[in-house]
Amino acid sequence: MSVPTDNKTKKSVKTDRTGSPQAWQTLQRVILPSASQMDTVPLYMDMGTATGIQLPTAGDREGKASKARTISSPTKEAHVEDFLSRHSTSVRSGERVSFGSYFNAFPASYWRRWTTVDKVRLQVRTQGTGSVIVYKSNARGSLQRVDTRRVEGTAESTFELSLAPFGDGGWYWFDLLAGTEPLIMLDAEWQGAAVETTPGSVTLQITTLNKTDFCLNNLRLLAESEEALAHVQEILIVDQGTQKLADAEGFDEVKRSLNGKLRIINQSNLGGSGGFARGMFEAVENGSDYALLMDDDVVVEPESIIRLLTFADRCKTPTLVGGHMFDLYNRTVLHTFGEVVNPYRFQPSLPSEDMILGHDFLSSNLRQTPWLHRRCDVDYNGWWMCLIPTQVIRDIGLSLPLFIKWDDSEYGLRAKAAGYPTVSLPGSAVWHVSWIDKDDLVGWQAYFHARNRVVAALLHSPYEFGGRVIKESQYADVKHLVSMQYATAQGRQWALEDVLKGPDTLPGLLSAKLPQIRDMMSAHSDAVFRPDPEDFPAPKMDKPPRRGHGPSQPGKLTLLPWAAKTVVRQLASPVKGTSAERPQTTIAHQDNRWWRMAQYDSAVVSNAEGTGASWYRRDPQRLRKMLAESAKLHSALLKEWPALSKKYKSAVSELTSMESWRKTFEQHTQNEIK
């Protein structure tokens with residue numbers, strides 16, 4: 001049997017019930033992993049029967065609802081030789097595969113809620129004998145069979161499917177069951193009624209800082225995907241690093257393969273917000289319909305670009321459409337399915353209590369995971385991959401000059417307030433270096449976390465004095481200080497000082513603040529990392545722990561008195577014995593908790609990346625001074641909150657305007673390469 005070629009037809013015509021021709025356009029193509037990415041197969045295709053969730057039909061004797069049960073069967077290993085192309089696969093005789101997967105199921109509820117599409121058509125072209133079976137789910141994750149077609153020879157099966165039942169959630173997908181001979185799927189796609197408008201043009205922009213290998217890899221992936229680049233007007237790399245992409249080995253070859261679509265802007269390090277603001281700015285300037293913002297340390301699924309654009313073009317109103325993020329080093333793990341900002345705490349959170357961070361599709365596929373079937377409405381999408389209409393940019397402005405942290409979430413909240421929703425679209429994603437194993441609340445990034453959270457709350461919090469923002473900020477200061485994390489606490493206090501100075505200082509801090517923070521941190525031993533354990537004196541505990549047990553976490557009832565006693569001890573008790581000259585112990589990063597660290601005078605603590613460790617040393621005099629300063633700053637913030645909120649709100653239009661950013665870019669642009 002010959003190997004089929006890809007069918008790249010974008011439009012098909014079929015006669016409707018009245019006899020008039022009905023034209024259809026591709027909404028989503030079924031795709032498969034490349035031979036080098038076989039570890040991602042569970043995201044594209046499931047082997048085995050159409051298993052799913054058995055939902056409870058009645059409560060138990062006590063009137064409590066019983067839990068849903070996962071109905072599963074043993075899955076089979078995928079065979080690399082069965083994947084004939086990125087759009088075609090062979091199903092072995094007597095076997096069954098399901099496309100009820102992350103990348104290939106059709107997220108019907110999202111199309112129903114946000115777009116003008118009210119029905120879709122599934123088209124599956126096959127060669128061989130077998131069956132095509134169509135399924136759907138509801139918002140609870142219940143699996144329902146829709147239709148079945150028996151196929152033989154070369155066949156084209158089509159199914160017209162309504163989106164009406166998908167108000168709160170649910171997907172469509174199909175399975176293939178081979179008969180006595182292999183069944184080849186030549187290609188398959190989900191289609192919508194044709195529209196006459198031309199697809200929008202995109203400026204695809206990547207902000208990078210010394211990630212040349214990642215950038216080159218993604219540029220190669222894009223060059224290999226003719227369809228993904230079809231509507232990309234320009235690929236713009238904003239290079240803010242010292243290791244320039246244009247100087248990297250292999251750059252010239254990659255540049256040629258992109259046929260003149262690549263442009264590089266070298267500029268000073270203005271952080272993610274400065275880099276992404278440049279992408280927004282240039283997309284407006286060059287007349288693109290969309291700016292597609294992407295991180296540098298990702299691996300992109302090129303089909304995602306097509307899906308984001310296709311979805312955005314059919315949205316009822318201008319909509320920000322983002323992709324999800326999978327873990328680059330554990331590629332079947334989805335970091336998060338969607339995010340909102342808790343309005344009272346003003347912290348990112350999950351939209352539903354049932355959702356989890358770090359869902360592994362290898363352990364539980366789409367059909368077996370009920371919460372993935374409920375539509376997830378979000379406040380924002382991370383800028384690892386987010387498509388923003390330039391109409392929105394012209395209306396509400398560019399990113400705030402925040403350097404890093406909270407720029408994407410603040411922008412989503414600002415867009416939402418102006419009537420522009422954000423959709424995190426399933427089936428569109430990148431693989432990104434996950435921050436689950438990082439701790440960016442400690443170290444140089446703590447300043448930006450603290451400052452930008454307060455700035456965003458001043459702009460968008462619906463609560464008087466920002467809800468719990470000020471209280472939680474002060475709690476965080478105390479935790480860092482009793483943990484001997486003085487550099488982090490210093491950065492957080494600088495953050496509040498800069499907030500209190502008002503919004504006009506933000507643009508000037510873009511390029512100036514990070515060097516100041518790094519200089520400050522170099523003077524604190526808790527922020528100076530060394531790679532080898534031998535770089536520190538050997539640990540010694542002068543007094544052994546009571547009954548051989550180390551510190552234990554206090555319970556909820558004893559937390560406040562325990563914390564008060566601990567703070568008093570740290571303030572009043574001098575550092576005794578040899579603790580000033582050598583650490584008492586070594587602490588692994590996962591054990592670095594404030595209630596544990598507060599019981600030591602000195603400890604060597606490893607960092608989240610596992611590349612080094614730093615020496616934490618208790619300093620009662622510094623602790624007293626910094627606790628007093630923290631109390632003073634939070635008191636001032638509480639007092640000034642109403643006036644500060646008005647100042648920041650009145651300054652947003654100017655801070656995010658094209659002209660304001662134009663002045664910043666003129667000062668910090670080094671050169672351009674085209």
# chains A, B, ... in the order shown; residues from 1 in each chain; ligands from 1
$ select_by_dssp --residues "segment 254-453 of chain A" --states "alpha helix (DSSP H)" --output "PyMOL selection string"
chain A and resi 254-257+271-285+303-313+390-396+407-417+446-453
$ write_last_selection --atoms "C-alpha atoms" --output "PDB file, in the first residue's frame"
ATOM      1  CA  VAL A 254      17.861  30.078   8.965  1.00  0.00           C
ATOM      2  CA  LYS A 255      17.390  33.662   7.850  1.00  0.00           C
ATOM      3  CA  ARG A 256      17.487  32.626   4.184  1.00  0.00           C
ATOM      4  CA  SER A 257      14.922  29.885   4.772  1.00  0.00           C
ATOM      5  CA  GLY A 271      12.586  43.120  30.290  1.00  0.00           C
ATOM      6  CA  GLY A 272       9.699  41.091  28.955  1.00  0.00           C
ATOM      7  CA  SER A 273       7.313  44.034  29.039  1.00  0.00           C
ATOM      8  CA  GLY A 274       9.762  46.166  27.053  1.00  0.00           C
ATOM      9  CA  GLY A 275      10.332  43.427  24.516  1.00  0.00           C
ATOM     10  CA  PHE A 276       6.670  42.536  24.088  1.00  0.00           C
ATOM     11  CA  ALA A 277       5.650  46.195  23.987  1.00  0.00           C
ATOM     12  CA  ARG A 278       8.078  46.530  21.080  1.00  0.00           C
ATOM     13  CA  GLY A 279       6.299  43.680  19.306  1.00  0.00           C
ATOM     14  CA  MET A 280       2.907  45.345  19.835  1.00  0.00           C
ATOM     15  CA  PHE A 281       4.329  48.675  18.676  1.00  0.00           C
ATOM     16  CA  GLU A 282       5.821  47.272  15.470  1.00  0.00           C
ATOM     17  CA  ALA A 283       2.657  45.277  14.663  1.00  0.00           C
ATOM     18  CA  VAL A 284       0.624  48.480  14.767  1.00  0.00           C
ATOM     19  CA  GLU A 285       3.260  50.375  12.790  1.00  0.00           C
ATOM     20  CA  GLU A 303      -0.092  24.314  13.869  1.00  0.00           C
ATOM     21  CA  SER A 304      -1.013  26.386  16.929  1.00  0.00           C
ATOM     22  CA  ILE A 305      -0.322  29.574  14.988  1.00  0.00           C
ATOM     23  CA  ILE A 306      -2.899  28.607  12.359  1.00  0.00           C
ATOM     24  CA  ARG A 307      -5.453  27.693  15.031  1.00  0.00           C
ATOM     25  CA  LEU A 308      -5.067  30.912  16.998  1.00  0.00           C
ATOM     26  CA  LEU A 309      -5.487  33.025  13.860  1.00  0.00           C
ATOM     27  CA  THR A 310      -8.435  30.989  12.546  1.00  0.00           C
ATOM     28  CA  PHE A 311     -10.229  31.250  15.901  1.00  0.00           C
ATOM     29  CA  ALA A 312      -9.502  34.963  16.359  1.00  0.00           C
ATOM     30  CA  ASP A 313     -10.735  35.794  12.853  1.00  0.00           C
ATOM     31  CA  THR A 390      -3.913  45.423  16.880  1.00  0.00           C
ATOM     32  CA  GLN A 391      -7.381  46.986  17.158  1.00  0.00           C
ATOM     33  CA  VAL A 392      -7.160  46.249  20.891  1.00  0.00           C
ATOM     34  CA  ILE A 393      -3.645  47.692  21.090  1.00  0.00           C
ATOM     35  CA  ARG A 394      -4.750  50.900  19.375  1.00  0.00           C
ATOM     36  CA  ASP A 395      -7.639  51.206  21.810  1.00  0.00           C
ATOM     37  CA  ILE A 396      -6.109  50.355  25.209  1.00  0.00           C
ATOM     38  CA  ASP A 407       2.584  42.605  32.471  1.00  0.00           C
ATOM     39  CA  ASP A 408       0.471  39.896  30.781  1.00  0.00           C
ATOM     40  CA  SER A 409      -2.099  39.588  33.561  1.00  0.00           C
ATOM     41  CA  GLU A 410      -2.490  43.374  33.910  1.00  0.00           C
ATOM     42  CA  TYR A 411      -2.974  43.659  30.157  1.00  0.00           C
ATOM     43  CA  GLY A 412      -5.656  40.966  30.190  1.00  0.00           C
ATOM     44  CA  LEU A 413      -7.512  42.742  32.997  1.00  0.00           C
ATOM     45  CA  ARG A 414      -7.233  46.066  31.170  1.00  0.00           C
ATOM     46  CA  ALA A 415      -8.537  44.514  27.957  1.00  0.00           C
ATOM     47  CA  LYS A 416     -11.396  42.821  29.808  1.00  0.00           C
ATOM     48  CA  ALA A 417     -12.429  46.127  31.387  1.00  0.00           C
ATOM     49  CA  ALA A 446      11.115  39.465  44.144  1.00  0.00           C
ATOM     50  CA  TYR A 447      11.270  43.236  43.572  1.00  0.00           C
ATOM     51  CA  PHE A 448       9.236  42.971  40.370  1.00  0.00           C
ATOM     52  CA  HIS A 449       6.735  40.531  41.864  1.00  0.00           C
ATOM     53  CA  ALA A 450       6.072  42.831  44.817  1.00  0.00           C
ATOM     54  CA  ARG A 451       6.000  46.137  42.931  1.00  0.00           C
ATOM     55  CA  ASN A 452       3.958  45.013  39.956  1.00  0.00           C
ATOM     56  CA  ARG A 453       1.372  43.139  41.996  1.00  0.00           C
TER      57      ARG A 453
END
$ residues_around --residues "Ile517 of chain A" --least-positions-apart "4" --cutoff "7 Å" --atoms "only C-alpha atoms" --output "list of chain:residue names"
A:Trp444, A:Gly491, A:Lys513, A:Met521
$ closest_residue --among "A:Leu496, A:Leu441, A:Val117, A:Val132" --to "His634 of chain A" --atoms "only C-alpha atoms"
A:Leu496
$ residues_around --residues "Gln37 of chain A" --least-positions-apart "2" --cutoff "12 Å" --atoms "only C-alpha atoms" --output "PDB file with C-alpha atoms, in the first residue's frame"
ATOM      1  CA  LEU A  32       0.385  14.009  14.434  1.00  0.00           C
ATOM      2  CA  PRO A  33       3.792  14.197  16.103  1.00  0.00           C
ATOM      3  CA  SER A  34       6.955  14.055  14.090  1.00  0.00           C
ATOM      4  CA  ALA A  35       9.161  10.966  14.345  1.00  0.00           C
ATOM      5  CA  ASP A  39       7.211  11.164  23.667  1.00  0.00           C
ATOM      6  CA  THR A  40       4.338  13.557  22.872  1.00  0.00           C
ATOM      7  CA  VAL A  41       2.069  10.943  21.213  1.00  0.00           C
ATOM      8  CA  PRO A  42      -0.542  11.033  24.073  1.00  0.00           C
ATOM      9  CA  LEU A  43      -1.203  14.679  23.202  1.00  0.00           C
ATOM     10  CA  TYR A  44      -2.125  13.753  19.627  1.00  0.00           C
ATOM     11  CA  ALA A  78       2.406   3.665  19.560  1.00  0.00           C
ATOM     12  CA  VAL A  80       6.696   5.197  15.001  1.00  0.00           C
ATOM     13  CA  PHE A  83       2.908   7.672  11.571  1.00  0.00           C
ATOM     14  CA  ARG A  86       2.097  14.942  10.180  1.00  0.00           C
ATOM     15  CA  VAL A 299       9.352  24.905  21.436  1.00  0.00           C
ATOM     16  CA  GLU A 301       3.762  23.489  17.793  1.00  0.00           C
ATOM     17  CA  LEU A 328       9.489  21.386  27.973  1.00  0.00           C
ATOM     18  CA  ASN A 330       8.172  16.503  30.620  1.00  0.00           C
ATOM     19  CA  ARG A 331       6.255  17.028  27.444  1.00  0.00           C
ATOM     20  CA  THR A 332       2.932  15.405  28.262  1.00  0.00           C
ATOM     21  CA  TRP A 431       6.478  23.628  25.345  1.00  0.00           C
TER      22      TRP A 431
END
$ closest_atom_pairs --of "segment 376-397 of chain A" --to "segment 346-356 of chain A" --cutoff "10 Å" --atoms "only C-alpha atoms" --output "tab-separated table"
residue	atom	partner	partner_atom	distance
A:Cys376	CA	A:Pro351	CA	6.9
A:Asp377	CA	A:Pro351	CA	7.3
A:Val378	CA	A:Pro351	CA	7.0
A:Asp379	CA	A:Pro351	CA	9.2
A:Tyr380	CA	A:Pro348	CA	9.7
$ select_by_dssp --residues "segment 429-550 of chain A" --states "strand (DSSP E)" --output "ChimeraX atom specification"
/A:429-432
$ write_last_selection --atoms "N, CA and C atoms" --output "PDB file, in the first residue's frame"
ATOM      1  N   ALA A 429      -0.588  25.405  21.669  1.00  0.00           N
ATOM      2  CA  ALA A 429       0.329  25.338  22.806  1.00  0.00           C
ATOM      3  C   ALA A 429       1.783  25.438  22.378  1.00  0.00           C
ATOM      4  N   VAL A 430       2.608  25.731  23.369  1.00  0.00           N
ATOM      5  CA  VAL A 430       4.057  25.637  23.249  1.00  0.00           C
ATOM      6  C   VAL A 430       4.565  24.775  24.396  1.00  0.00           C
ATOM      7  N   TRP A 431       5.768  24.264  24.234  1.00  0.00           N
ATOM      8  CA  TRP A 431       6.478  23.628  25.345  1.00  0.00           C
ATOM      9  C   TRP A 431       7.457  24.656  25.889  1.00  0.00           C
ATOM     10  N   HIS A 432       7.380  24.900  27.180  1.00  0.00           N
ATOM     11  CA  HIS A 432       8.114  26.000  27.803  1.00  0.00           C
ATOM     12  C   HIS A 432       8.884  25.472  29.005  1.00  0.00           C
TER      13      HIS A 432
END
$ residues_around --residues "Leu270 of chain A" --least-positions-apart "5" --cutoff "8 Å" --atoms "only C-alpha atoms" --output "NGL selection string"
:A and (240 or 275 or 403 or 510-511)
$ residues_around --residues "Asp532 of chain A" --least-positions-apart "6" --cutoff "12 Å" --atoms "only C-alpha atoms" --output "list in words"
Ala538, Val604, Val605, Ser606, Gly610, Thr611, Gly612, Ala613 and Ser614 of chain A
$ write_last_selection --atoms "C-alpha atoms" --output "CSV table (one decimal), in the first residue's frame"
chain,number,residue,atom,x,y,z
A,538,ALA,CA,31.4,22.2,57.2
A,604,VAL,CA,23.5,26.7,53.6
A,605,VAL,CA,20.5,26.5,51.4
A,606,SER,CA,20.5,25.2,47.8
A,610,GLY,CA,20.1,22.8,41.8
A,611,THR,CA,23.1,24.7,40.5
A,612,GLY,CA,24.4,26.1,43.7
A,613,ALA,CA,23.7,27.2,47.3
A,614,SER,CA,24.0,30.3,49.4
$ atom_distance --atom1 "atom CA of Ala636 of chain A" --atom2 "atom CA of Leu500 of chain A"
8.1 Å
$ closest_residue --among "A:Leu320, A:Ala476, A:Leu623, A:Leu176" --to "Val568 of chain A" --atoms "only C-alpha atoms"
A:Leu623
$ closest_residue --among "A:Met38, A:Ala487, A:Leu245, A:Leu293" --to "Ile388 of chain A" --atoms "only C-alpha atoms"
A:Leu293
$ closest_residue --among "A:Val341, A:Ala572, A:Ile184, A:Leu161" --to "Asp82 of chain A" --atoms "only C-alpha atoms"
A:Ile184
